$ cat coords27.csv   # CSV, C-alpha atoms
chain,number,residue,atom,x,y,z
A,154,MET,CA,175.5,-14.0,92.3
A,155,PRO,CA,178.7,-12.7,94.0
A,156,SER,CA,179.4,-9.0,93.9
A,157,GLN,CA,182.2,-7.5,91.7
A,158,GLU,CA,184.4,-7.2,94.8
A,159,GLU,CA,183.8,-10.8,95.8
A,160,ILE,CA,184.7,-12.0,92.3
A,161,TYR,CA,187.9,-9.9,92.3
A,162,GLN,CA,188.9,-11.2,95.7
A,163,LYS,CA,188.4,-14.8,94.6
A,164,VAL,CA,190.3,-14.3,91.4
A,165,SER,CA,193.1,-12.7,93.3
A,166,ALA,CA,193.3,-15.6,95.7
A,167,THR,CA,193.2,-18.1,92.8
A,168,LEU,CA,196.2,-16.3,91.2
A,169,VAL,CA,198.1,-16.2,94.4
A,170,GLU,CA,197.8,-20.0,94.5
A,171,ALA,CA,198.3,-20.8,90.9
A,172,LEU,CA,201.3,-18.4,90.3
A,173,ASN,CA,202.8,-18.7,93.7
A,174,VAL,CA,203.0,-14.9,94.1
A,175,GLU,CA,202.3,-12.6,97.1
A,176,GLN,CA,198.9,-11.0,97.5
A,177,GLU,CA,200.7,-7.6,97.3
A,178,GLU,CA,201.8,-8.3,93.8
A,179,ILE,CA,198.2,-8.6,92.6
A,180,SER,CA,196.5,-5.4,91.3
A,181,PRO,CA,193.7,-5.0,88.7
A,182,THR,CA,196.2,-3.9,86.0
A,183,ALA,CA,198.9,-6.5,86.8
A,184,THR,CA,199.6,-8.5,83.6
A,185,LEU,CA,199.8,-12.3,84.1
A,186,GLN,CA,202.9,-12.8,82.0
A,187,GLY,CA,204.9,-9.6,82.5
A,188,ASP,CA,204.1,-8.8,86.1
A,189,LEU,CA,203.1,-12.1,87.6
A,190,GLY,CA,205.5,-14.4,85.6
A,191,ALA,CA,202.9,-16.8,84.3
A,192,GLU,CA,204.0,-19.5,81.9
A,193,SER,CA,201.9,-21.6,79.5
A,194,ILE,CA,201.1,-24.3,82.1
A,195,ASP,CA,200.1,-21.7,84.6
A,196,PHE,CA,197.3,-20.5,82.2
A,197,LEU,CA,195.9,-24.0,82.2
A,198,ASP,CA,196.1,-24.2,86.0
A,199,ILE,CA,194.3,-20.9,86.4
A,200,VAL,CA,191.5,-22.1,84.1
A,201,PHE,CA,191.1,-25.3,86.1
A,202,ARG,CA,191.1,-23.5,89.4
A,203,LEU,CA,188.6,-20.8,88.2
A,204,GLU,CA,186.3,-23.6,86.9
A,205,ARG,CA,186.3,-25.2,90.3
A,206,GLU,CA,186.1,-21.9,92.3
A,207,PHE,CA,183.2,-20.5,90.4
A,208,ALA,CA,181.6,-23.8,89.3
A,209,ILE,CA,181.7,-22.8,85.7
A,210,LYS,CA,182.9,-24.4,82.5
A,211,ILE,CA,185.5,-22.4,80.6
A,212,PRO,CA,185.9,-23.6,77.0
A,213,ARG,CA,189.4,-23.9,75.7
A,214,ASN,CA,190.7,-20.7,74.1
A,215,GLU,CA,187.8,-18.6,75.5
A,216,LEU,CA,189.5,-16.9,78.4
A,217,PHE,CA,193.1,-17.0,77.1
A,218,PRO,CA,192.9,-17.4,73.3
A,219,GLU,CA,196.2,-18.8,72.2
A,220,SER,CA,196.4,-18.0,68.5
A,221,ILE,CA,193.5,-15.7,67.9
A,222,PHE,CA,194.8,-14.5,64.5
A,223,GLN,CA,196.2,-17.8,63.1
A,224,GLY,CA,198.8,-15.8,61.1
A,225,ASP,CA,196.0,-14.3,59.0
A,226,PRO,CA,197.4,-11.2,57.1
A,227,ASP,CA,194.0,-9.6,57.3
A,228,PHE,CA,194.4,-9.4,61.1
A,229,VAL,CA,198.1,-8.8,61.4
A,230,LEU,CA,200.4,-6.8,59.1
A,231,ASN,CA,204.1,-6.1,59.7
A,232,GLY,CA,203.8,-7.2,63.3
A,233,LYS,CA,200.9,-4.9,64.0
A,234,VAL,CA,197.2,-5.8,64.6
A,235,THR,CA,195.0,-4.3,61.9
A,236,GLN,CA,191.7,-2.6,62.3
A,237,LYS,CA,190.0,-5.9,61.3
A,238,GLY,CA,192.2,-7.7,63.9
A,239,LEU,CA,191.1,-5.3,66.6
A,240,ASP,CA,187.5,-5.9,65.7
A,241,GLU,CA,188.1,-9.6,65.9
A,242,LEU,CA,189.7,-9.1,69.4
A,243,ARG,CA,186.7,-7.1,70.5
A,244,GLU,CA,184.4,-9.9,69.4
A,245,LYS,CA,186.4,-12.8,70.9
A,246,MET,CA,187.4,-11.0,74.1
A,247,PRO,CA,184.7,-8.6,75.0
A,248,PHE,CA,185.9,-8.8,78.6
A,249,ALA,CA,189.4,-7.3,77.7
A,250,ASP,CA,190.3,-3.7,78.0
A,251,LEU,CA,191.7,-2.7,74.6
A,252,SER,CA,192.0,1.0,75.1
A,253,LYS,CA,195.8,1.0,75.8
A,254,PHE,CA,196.6,-1.7,73.3
A,255,GLU,CA,194.7,0.1,70.5
A,256,GLN,CA,197.2,3.0,70.7
A,257,ASN,CA,200.1,0.8,69.6
A,258,PRO,CA,198.7,-2.6,68.6
A,259,GLU,CA,202.0,-4.5,68.4
A,260,LEU,CA,201.3,-8.2,68.2
A,261,THR,CA,204.0,-8.9,70.8
A,262,ALA,CA,202.1,-6.7,73.3
A,263,LEU,CA,199.0,-8.9,73.0
A,264,SER,CA,199.8,-10.8,76.2
A,265,ASP,CA,199.5,-7.5,78.1
A,266,LEU,CA,195.7,-7.8,77.6
A,267,PHE,CA,195.7,-10.7,80.1
A,268,THR,CA,195.4,-8.8,83.4
A,269,VAL,CA,193.8,-9.6,86.7
A,270,GLN,CA,190.9,-7.3,85.9
A,271,MET,CA,190.4,-9.0,82.6
A,272,ILE,CA,189.8,-12.3,84.4
A,273,ALA,CA,187.4,-10.7,86.9
A,274,LYS,CA,185.4,-9.2,84.1
A,275,TYR,CA,185.3,-12.5,82.2
A,276,ILE,CA,184.0,-14.2,85.3
A,277,GLN,CA,181.3,-11.5,85.8
A,278,ARG,CA,180.1,-11.9,82.3
A,279,LYS,CA,180.1,-15.7,82.6
A,280,LEU,CA,178.1,-15.7,85.9
A,281,SER,CA,175.6,-13.2,84.7
A,282,ALA,CA,175.1,-15.0,81.3
B,39,MET,CA,217.4,-41.9,104.3
B,40,ARG,CA,217.2,-39.8,101.2
B,41,LEU,CA,213.5,-40.2,100.4
B,42,LYS,CA,212.1,-40.1,103.9
B,43,ASP,CA,208.3,-39.9,104.0
B,44,GLN,CA,207.9,-39.2,100.3
B,45,VAL,CA,205.3,-41.1,98.4
B,46,ALA,CA,206.5,-42.9,95.3
B,47,LEU,CA,204.6,-44.7,92.6
B,48,VAL,CA,206.5,-47.3,90.5
B,49,THR,CA,204.9,-49.1,87.6
B,50,GLY,CA,205.9,-52.7,86.8
B,51,GLY,CA,207.2,-53.0,90.3
B,52,SER,CA,206.8,-56.7,91.2
B,53,ARG,CA,209.7,-58.0,89.1
B,54,GLY,CA,213.0,-57.2,87.5
B,55,ILE,CA,214.3,-53.6,87.5
B,56,GLY,CA,211.0,-52.3,89.0
B,57,ARG,CA,211.3,-54.6,92.0
B,58,GLY,CA,214.8,-53.4,92.6
B,59,ILE,CA,213.6,-49.8,92.5
B,60,VAL,CA,210.7,-50.5,94.9
B,61,LYS,CA,213.1,-52.1,97.4
B,62,ALA,CA,215.7,-49.3,97.1
B,63,PHE,CA,213.1,-46.5,97.5
B,64,ALA,CA,211.6,-48.3,100.6
B,65,ALA,CA,215.0,-48.6,102.1
B,66,GLU,CA,215.5,-44.9,101.6
B,67,GLY,CA,212.3,-44.2,103.6
B,68,ALA,CA,209.8,-43.7,100.9
B,69,LYS,CA,206.3,-45.1,101.0
B,70,VAL,CA,206.1,-47.0,97.7
B,71,ALA,CA,203.0,-47.9,95.8
B,72,PHE,CA,203.8,-50.2,93.0
B,73,ILE,CA,201.8,-51.5,90.1
B,74,TYR,CA,201.8,-55.0,88.8
B,75,LYS,CA,199.7,-56.6,86.1
B,76,GLY,CA,199.8,-60.3,86.4
B,77,SER,CA,202.4,-61.3,88.9
B,78,GLN,CA,200.3,-61.3,92.0
B,79,GLN,CA,202.5,-63.7,94.0
B,80,ALA,CA,205.7,-61.8,93.3
B,81,ALA,CA,203.9,-58.5,94.2
B,82,GLU,CA,202.7,-59.9,97.5
B,83,SER,CA,206.0,-61.4,98.4
B,84,LEU,CA,207.7,-58.1,97.7
B,85,ALA,CA,205.4,-56.1,100.0
B,86,VAL,CA,206.0,-58.7,102.8
B,87,GLU,CA,209.8,-58.6,102.2
B,88,ILE,CA,209.9,-54.8,102.5
B,89,SER,CA,207.7,-54.8,105.5
B,90,ALA,CA,210.0,-57.3,107.2
B,91,ALA,CA,212.9,-55.0,106.5
B,92,GLY,CA,211.1,-52.1,108.2
B,93,GLY,CA,209.9,-50.4,105.0
B,94,LEU,CA,206.4,-49.6,103.6
B,95,ALA,CA,205.2,-50.7,100.2
B,96,LYS,CA,201.9,-51.7,98.8
B,97,ALA,CA,201.0,-53.5,95.6
B,98,TRP,CA,198.2,-52.3,93.3
B,99,GLN,CA,196.9,-54.4,90.4
B,100,GLY,CA,196.4,-52.6,87.1
B,101,ASP,CA,197.2,-52.3,83.4
B,102,VAL,CA,199.4,-49.3,82.7
B,103,ALA,CA,198.2,-49.3,79.1
B,104,ASN,CA,194.7,-48.3,80.4
B,105,HIS,CA,194.3,-44.6,81.0
B,106,ASP,CA,191.3,-44.9,83.2
B,107,GLU,CA,193.0,-47.5,85.4
B,108,ALA,CA,196.1,-45.2,85.8
B,109,MET,CA,193.9,-42.3,86.8
B,110,LYS,CA,192.0,-44.5,89.3
B,111,ILE,CA,195.2,-45.9,90.9
B,112,VAL,CA,196.7,-42.5,91.4
B,113,GLU,CA,193.5,-41.4,93.1
B,114,LEU,CA,193.4,-44.5,95.4
B,115,VAL,CA,197.1,-44.2,96.3
B,116,GLU,CA,196.7,-40.5,97.2
B,117,ALA,CA,193.5,-41.2,99.2
B,118,GLU,CA,195.5,-43.6,101.3
B,119,TRP,CA,198.9,-41.9,101.6
B,120,GLY,CA,198.5,-38.3,100.4
B,121,SER,CA,200.2,-36.6,97.6
B,122,ILE,CA,202.6,-38.5,95.4
B,123,GLN,CA,206.0,-36.8,94.8
B,124,ILE,CA,207.9,-39.4,92.8
B,125,LEU,CA,206.7,-41.4,89.7
B,126,VAL,CA,208.8,-44.1,88.1
B,127,ASN,CA,207.5,-45.4,84.7
B,128,ASN,CA,209.1,-48.7,84.6
B,129,ALA,CA,206.5,-51.1,83.2
B,130,GLY,CA,207.6,-52.5,79.9
B,131,VAL,CA,207.2,-55.5,77.7
B,132,ILE,CA,209.1,-57.0,74.7
B,133,ARG,CA,207.7,-58.9,71.7
B,134,ASP,CA,210.9,-59.4,69.8
B,135,GLY,CA,210.8,-60.5,66.2
B,136,LEU,CA,212.0,-59.4,62.8
B,137,PHE,CA,210.0,-56.5,61.4
B,138,VAL,CA,208.9,-58.2,58.2
B,139,ALA,CA,207.2,-60.9,60.3
B,140,MET,CA,205.9,-58.6,63.1
B,141,LYS,CA,202.2,-58.7,63.8
B,142,PRO,CA,200.4,-55.4,64.3
B,143,GLU,CA,199.4,-56.7,67.8
B,144,GLU,CA,203.1,-57.2,68.7
B,145,TRP,CA,203.8,-53.6,67.6
B,146,ASN,CA,200.8,-52.2,69.4
B,147,VAL,CA,201.2,-54.0,72.8
B,148,VAL,CA,204.8,-52.8,73.1
B,149,LEU,CA,204.0,-49.2,72.2
B,150,GLN,CA,200.8,-49.1,74.3
B,151,THR,CA,202.5,-50.6,77.4
B,152,ASN,CA,206.0,-48.9,77.2
B,153,LEU,CA,205.1,-45.5,75.8
B,154,GLY,CA,201.4,-45.4,76.4
B,155,GLY,CA,201.8,-46.5,80.1
B,156,THR,CA,204.4,-43.7,80.5
B,157,PHE,CA,201.9,-41.2,79.0
B,158,ASN,CA,199.1,-42.5,81.2
B,159,PHE,CA,200.8,-42.1,84.5
B,160,CYS,CA,202.5,-38.8,83.6
B,161,HIS,CA,199.1,-37.6,82.5
B,162,ALA,CA,197.5,-38.6,85.7
B,163,LEU,CA,200.2,-36.9,87.8
B,164,ALA,CA,201.7,-34.0,85.9
B,165,MET,CA,199.3,-31.3,87.0
B,166,LYS,CA,199.3,-32.6,90.6
B,167,LEU,CA,203.1,-32.4,90.7
B,168,ALA,CA,203.1,-29.0,89.0
B,169,ARG,CA,200.7,-27.7,91.6
B,170,GLN,CA,202.9,-29.0,94.4
B,171,ARG,CA,205.8,-27.2,92.7
B,172,LYS,CA,207.8,-30.3,93.5
B,173,GLY,CA,208.1,-33.7,91.9
B,174,ARG,CA,210.3,-36.2,90.2
B,175,ILE,CA,209.4,-38.2,87.1
B,176,ILE,CA,211.8,-41.0,86.1
B,177,ASN,CA,211.1,-43.0,83.0
B,178,ILE,CA,212.9,-46.2,82.4
B,179,SER,CA,214.2,-46.3,78.9
B,180,SER,CA,216.8,-48.6,77.4
B,181,VAL,CA,220.1,-48.5,75.6
B,182,ALA,CA,218.1,-50.2,72.8
B,183,ALA,CA,216.7,-46.7,72.0
B,184,GLU,CA,220.1,-45.8,70.5
B,185,HIS,CA,222.0,-49.1,70.0
B,186,THR,CA,219.7,-51.7,68.8
B,187,ASN,CA,219.8,-55.4,67.7
B,188,PRO,CA,217.7,-57.1,65.0
B,189,GLY,CA,214.2,-58.0,66.2
B,190,GLN,CA,213.5,-54.9,68.3
B,191,THR,CA,211.9,-52.3,66.0
B,192,ASN,CA,208.9,-52.1,68.3
B,193,TYR,CA,210.8,-52.0,71.6
B,194,ALA,CA,213.5,-49.6,70.2
B,195,ALA,CA,210.8,-47.3,68.9
B,196,SER,CA,209.0,-47.2,72.2
B,197,LYS,CA,212.2,-46.4,74.1
B,198,GLY,CA,213.4,-43.8,71.7
B,199,ALA,CA,210.0,-42.2,72.0
B,200,ILE,CA,210.3,-42.3,75.8
B,201,ASN,CA,213.6,-40.4,75.5
B,202,SER,CA,212.1,-37.7,73.4
B,203,PHE,CA,209.0,-37.5,75.5
B,204,THR,CA,211.2,-37.1,78.6
B,205,ARG,CA,213.0,-34.1,77.2
B,206,ALA,CA,209.8,-32.5,75.9
B,207,LEU,CA,207.9,-33.0,79.2
B,208,ALA,CA,210.9,-31.7,81.2
B,209,VAL,CA,210.7,-28.4,79.4
B,210,GLU,CA,207.0,-28.0,80.2
B,211,LEU,CA,207.3,-28.9,83.9
B,212,ALA,CA,210.6,-27.2,84.7
B,213,GLY,CA,209.0,-23.9,85.6
B,214,ARG,CA,207.0,-25.7,88.3
B,215,GLY,CA,210.0,-27.3,89.9
B,216,VAL,CA,209.2,-30.8,88.6
B,217,THR,CA,212.1,-32.7,87.0
B,218,VAL,CA,211.7,-35.4,84.3
B,219,ASN,CA,214.6,-37.7,83.5
B,220,ALA,CA,215.1,-41.1,82.0
B,221,ILE,CA,217.4,-44.0,82.8
B,222,ALA,CA,218.7,-46.2,80.0
B,223,PRO,CA,219.7,-49.6,81.3
B,224,GLY,CA,222.0,-51.9,79.4
B,225,PHE,CA,221.9,-55.7,79.9
B,226,ILE,CA,220.3,-56.2,83.3
B,227,GLU,CA,219.9,-59.7,84.7
B,228,THR,CA,216.1,-60.0,84.7
B,229,ASP,CA,213.5,-62.4,83.4
B,230,MET,CA,212.9,-60.0,80.5
B,231,SER,CA,216.5,-60.2,79.2
B,232,GLU,CA,216.8,-64.0,79.8
B,233,ASN,CA,216.3,-65.0,76.2
B,234,VAL,CA,218.9,-62.6,74.8
B,235,ARG,CA,221.3,-63.5,77.5
B,236,ASN,CA,220.9,-67.2,76.8
B,237,LYS,CA,221.4,-66.7,73.1
B,238,ALA,CA,224.4,-64.4,73.3
B,239,GLY,CA,226.1,-66.2,76.2
B,240,ASP,CA,229.7,-65.0,77.0
B,241,LEU,CA,229.7,-62.6,74.1
B,242,ILE,CA,227.7,-60.1,76.2
B,243,LYS,CA,230.4,-59.9,78.8
B,244,LYS,CA,232.9,-59.2,76.1
B,245,MET,CA,230.8,-56.3,75.0
B,246,ILE,CA,230.5,-54.8,78.5
B,247,PRO,CA,233.7,-52.9,79.5
B,248,LEU,CA,232.9,-53.4,83.2
B,249,LYS,CA,232.7,-57.1,82.6
B,250,ARG,CA,229.5,-58.1,84.3
B,251,LEU,CA,225.8,-58.0,83.6
B,252,GLY,CA,223.9,-55.2,85.4
B,253,GLN,CA,221.7,-56.0,88.4
B,254,PRO,CA,218.4,-54.4,89.1
B,255,ASN,CA,220.0,-52.6,92.0
B,256,ASP,CA,222.4,-50.9,89.7
B,257,ILE,CA,219.5,-49.2,88.0
B,258,ALA,CA,217.7,-48.7,91.4
B,259,LYS,CA,220.7,-46.7,92.7
B,260,ALA,CA,220.5,-44.3,89.8
B,261,ALA,CA,216.7,-44.0,90.3
B,262,VAL,CA,217.2,-43.1,94.0
B,263,PHE,CA,219.8,-40.5,93.0
B,264,LEU,CA,217.4,-38.9,90.4
B,265,ALA,CA,214.6,-39.0,93.0
B,266,SER,CA,216.7,-37.4,95.7
B,267,ALA,CA,217.4,-33.8,96.5
B,268,ASP,CA,220.9,-34.4,95.2
B,269,ALA,CA,219.6,-34.4,91.6
B,270,ALA,CA,217.6,-31.2,92.0
B,271,TYR,CA,219.4,-29.5,89.1
B,272,ILE,CA,219.1,-32.3,86.6
B,273,THR,CA,216.2,-32.4,84.2
B,274,GLY,CA,215.5,-33.7,80.7
B,275,GLN,CA,218.4,-36.1,80.7
B,276,VAL,CA,218.8,-39.7,79.7
B,277,ILE,CA,221.3,-41.3,82.1
B,278,THR,CA,222.8,-44.5,80.7
B,279,VAL,CA,223.6,-47.2,83.2
B,280,ASP,CA,225.1,-50.0,81.2
B,281,GLY,CA,228.6,-50.8,82.4
B,282,GLY,CA,229.9,-49.1,79.4
B,283,LEU,CA,228.1,-51.3,76.8
B,284,SER,CA,227.0,-48.4,74.7
B,285,LEU,CA,230.6,-47.3,74.2
B,286,GLY,CA,230.8,-49.9,71.6
B,287,ALA,CA,234.1,-51.4,72.6
B,288,VAL,CA,234.8,-55.1,72.2
B,289,ALA,CA,237.3,-56.7,74.5
B,290,VAL,CA,240.2,-58.4,72.6
$ encode --input "coords27.csv" --output "structure tokens"
Amino acid sequence: MPSQEEIYQKVSATLVEALNVEQEEISPTATLQGDLGAESIDFLDIVFRLEREFAIKIPRNELFPESIFQGDPDFVLNGKVTQKGLDELREKMPFADLSKFEQNPELTALSDLFTVQMIAKYIQRKLSA
Amino acid sequence: MRLKDQVALVTGGSRGIGRGIVKAFAAEGAKVAFIYKGSQQAAESLAVEISAAGGLAKAWQGDVANHDEAMKIVELVEAEWGSIQILVNNAGVIRDGLFVAMKPEEWNVVLQTNLGGTFNFCHALAMKLARQRKGRIINISSVAAEHTNPGQTNYAASKGAINSFTRALAVELAGRGVTVNAIAPGFIETDMSENVRNKAGDLIKKMIPLKRLGQPNDIAKAAVFLASADAAYITGQVITVDGGLSLGAVAV
């Protein structure tokens, strides 16, 4: 199994190719949409490339869940993710770092969870599973 | 040469409008892979004709309505010539007849070939073009999508769907530098339009302000433009090439 550092390097290289960005723009906390300009088709491309790079299968909606809350009022109220919603996030995305998001859980900020580090952590879990 | 060294794939390329597009692309320097279903002789003669003119084109047999075949052909063409940059979805059939008497098979074959074939080849190529961050998709529609005659519910539906599909796909691929456009031909002098032309006779010319039927090359020129660097800023459009037919004027 590759080391954490090796996984991170490979994830970075994958993002450079998929998003057509410079290596310097990649950092652990860089967000895919906000910082690296990813659009919906890019998320699919990233998934395809990671599958090939790490020889793994990534089920749809596992790494980048599209509509995790399905408009359920238990999960989201007045544009904010509820405690129940946060629990759901923790369960569905155990590889994501929620510490910052929890402080102000605006639904619109959900995409900020998708960072370079999040992908690397997902891959680590996947490879060690 | 506006398409020098680019690899193009044209479906329904052995006859009619497709044949015109294959010839025009080859004359502009593209390597052209074209698909034919049954017209082997026409396909072979076209490849020979283009070769004699100093161009490069190769015929591939396949049914555009079959997704697996589309995937396979794309793979084989790329193995031989490298990445494809231009896709023209031209293959189309008609099964005209009044709706009340239309058989489900007549509906299905038209939708599966015209719309399904367009889906199949776009599906086989979209991600590849997106990854290249460069590509042109040109779907051949028809004025019948908007201005239709009795007996074409299946054909009109397939072409209307192609127009909507063109716009929807254009939005998805634009961020990756891939443009998706359609051309809507009017009455073009091909085998496919022969029946209608025979029935309508001189009336057709009265309906066309430019006073002549279109030739495959009229459509091919628009296709070359959309495939070329000149059209880099055009996407999601349906370009009508019909001599003014769709303006609805009748000469008096």
$ interface_residues --input "coords27.csv" --of "chain B" --to "chain A" --cutoff "9 Å" --atoms "all atoms listed in the file" --output "ChimeraX atom specification"
/B:165,168-169,210-211,213-214
$ closest_residue --input "coords27.csv" --among "B:Gly154, B:Gly76, B:Gly92, B:Gly215" --to "Asn128 in chain B" --atoms "all atoms listed in the file"
B:Gly154
$ residues_near_point --input "coords27.csv" --point "(203.9, -42.1, 95.2)" --cutoff "8 Å" --atoms "all atoms listed in the file" --output "list in words"
Gln44, Val45, Ala46, Leu47, Val48, Lys69, Val70, Ala71, Val115, Glu116, Ser121, Ile122, Gln123, Ile124 and Leu125 of chain B
$ atom_distance --input "coords27.csv" --atom1 "CA of Leu149 in chain B" --atom2 "CA of Asp101 in chain B"
13.5 Å
$ residues_around --input "coords27.csv" --residues "range 243-248 of chain B" --least-positions-apart "2" --cutoff "9 Å" --atoms "only C-alpha atoms" --output "number ranges by chain"
B: 225, 239-241, 250-251, 280-290
$ residues_around --input "coords27.csv" --residues "Arg40 in chain B" --least-positions-apart "5" --cutoff "10 Å" --atoms "only C-alpha atoms" --output "list in words"
Phe63, Ala65, Glu66, Gly67, Ala68, Val262, Phe263, Ala265, Ser266, Ala267 and Asp268 of chain B
$ closest_residue --input "coords27.csv" --among "A:Glu159, A:Asp227, A:Glu175, A:Glu259" --to "Lys274 in chain A" --atoms "all atoms listed in the file"
A:Glu159
$ build_atoms --input "coords27.csv" --residues "range 250-273 of chain A" --atoms "N, CA and C atoms" --output "mmCIF file, in the coordinates of the input"
data_model
loop_
_atom_site.group_PDB
_atom_site.id
_atom_site.type_symbol
_atom_site.label_atom_id
_atom_site.label_comp_id
_atom_site.auth_asym_id
_atom_site.auth_seq_id
_atom_site.Cartn_x
_atom_site.Cartn_y
_atom_site.Cartn_z
ATOM 1 N N ASP A 250 190.186 -5.122 78.135
ATOM 2 C CA ASP A 250 190.300 -3.700 78.000
ATOM 3 C C ASP A 250 191.288 -3.370 76.875
ATOM 4 N N LEU A 251 190.797 -2.933 75.689
ATOM 5 C CA LEU A 251 191.700 -2.700 74.600
ATOM 6 C C LEU A 251 192.213 -1.298 74.441
ATOM 7 N N SER A 252 191.741 -0.417 75.322
ATOM 8 C CA SER A 252 192.000 1.000 75.100
ATOM 9 C C SER A 252 193.494 1.329 75.004
ATOM 10 N N LYS A 253 194.324 0.701 75.831
ATOM 11 C CA LYS A 253 195.800 1.000 75.800
ATOM 12 C C LYS A 253 196.404 0.292 74.578
ATOM 13 N N PHE A 254 195.985 -0.935 74.367
ATOM 14 C CA PHE A 254 196.600 -1.700 73.300
ATOM 15 C C PHE A 254 196.312 -1.069 71.908
ATOM 16 N N GLU A 255 195.123 -0.489 71.737
ATOM 17 C CA GLU A 255 194.700 0.100 70.500
ATOM 18 C C GLU A 255 195.702 1.231 70.042
ATOM 19 N N GLN A 256 196.278 1.930 71.024
ATOM 20 C CA GLN A 256 197.200 3.000 70.700
ATOM 21 C C GLN A 256 198.424 2.600 69.981
ATOM 22 N N ASN A 257 198.904 1.408 70.326
ATOM 23 C CA ASN A 257 200.100 0.800 69.600
ATOM 24 C C ASN A 257 199.917 -0.669 69.584
ATOM 25 N N PRO A 258 199.138 -1.139 68.618
ATOM 26 C CA PRO A 258 198.700 -2.600 68.600
ATOM 27 C C PRO A 258 199.808 -3.522 68.107
ATOM 28 N N GLU A 259 200.969 -3.528 68.752
ATOM 29 C CA GLU A 259 202.000 -4.500 68.400
ATOM 30 C C GLU A 259 201.560 -5.876 68.821
ATOM 31 N N LEU A 260 201.738 -6.840 67.899
ATOM 32 C CA LEU A 260 201.300 -8.200 68.200
ATOM 33 C C LEU A 260 201.999 -8.743 69.464
ATOM 34 N N THR A 261 203.262 -8.357 69.644
ATOM 35 C CA THR A 261 204.000 -8.900 70.800
ATOM 36 C C THR A 261 203.459 -8.357 72.121
ATOM 37 N N ALA A 262 202.652 -7.290 72.071
ATOM 38 C CA ALA A 262 202.100 -6.700 73.300
ATOM 39 C C ALA A 262 200.749 -7.333 73.650
ATOM 40 N N LEU A 263 200.333 -8.296 72.807
ATOM 41 C CA LEU A 263 199.000 -8.900 73.000
ATOM 42 C C LEU A 263 198.817 -9.484 74.383
ATOM 43 N N SER A 264 199.898 -10.072 74.887
ATOM 44 C CA SER A 264 199.800 -10.800 76.200
ATOM 45 C C SER A 264 199.509 -9.786 77.317
ATOM 46 N N ASP A 265 199.759 -8.484 77.072
ATOM 47 C CA ASP A 265 199.500 -7.500 78.100
ATOM 48 C C ASP A 265 197.973 -7.317 78.348
ATOM 49 N N LEU A 266 197.165 -7.858 77.418
ATOM 50 C CA LEU A 266 195.700 -7.800 77.600
ATOM 51 C C LEU A 266 195.269 -8.696 78.787
ATOM 52 N N PHE A 267 196.093 -9.728 79.034
ATOM 53 C CA PHE A 267 195.700 -10.700 80.100
ATOM 54 C C PHE A 267 196.086 -10.103 81.464
ATOM 55 N N THR A 268 195.121 -9.426 82.046
ATOM 56 C CA THR A 268 195.400 -8.800 83.400
ATOM 57 C C THR A 268 194.423 -9.446 84.394
ATOM 58 N N VAL A 269 194.659 -9.091 85.641
ATOM 59 C CA VAL A 269 193.800 -9.600 86.700
ATOM 60 C C VAL A 269 192.373 -9.097 86.513
ATOM 61 N N GLN A 270 192.265 -7.826 86.147
ATOM 62 C CA GLN A 270 190.900 -7.300 85.900
ATOM 63 C C GLN A 270 190.203 -7.951 84.776
ATOM 64 N N MET A 271 190.977 -8.349 83.742
ATOM 65 C CA MET A 271 190.400 -9.000 82.600
ATOM 66 C C MET A 271 189.697 -10.332 83.044
ATOM 67 N N ILE A 272 190.386 -11.065 83.894
ATOM 68 C CA ILE A 272 189.800 -12.300 84.400
ATOM 69 C C ILE A 272 188.544 -12.053 85.177
ATOM 70 N N ALA A 273 188.609 -11.042 86.047
ATOM 71 C CA ALA A 273 187.400 -10.700 86.900
ATOM 72 C C ALA A 273 186.245 -10.347 86.014
#
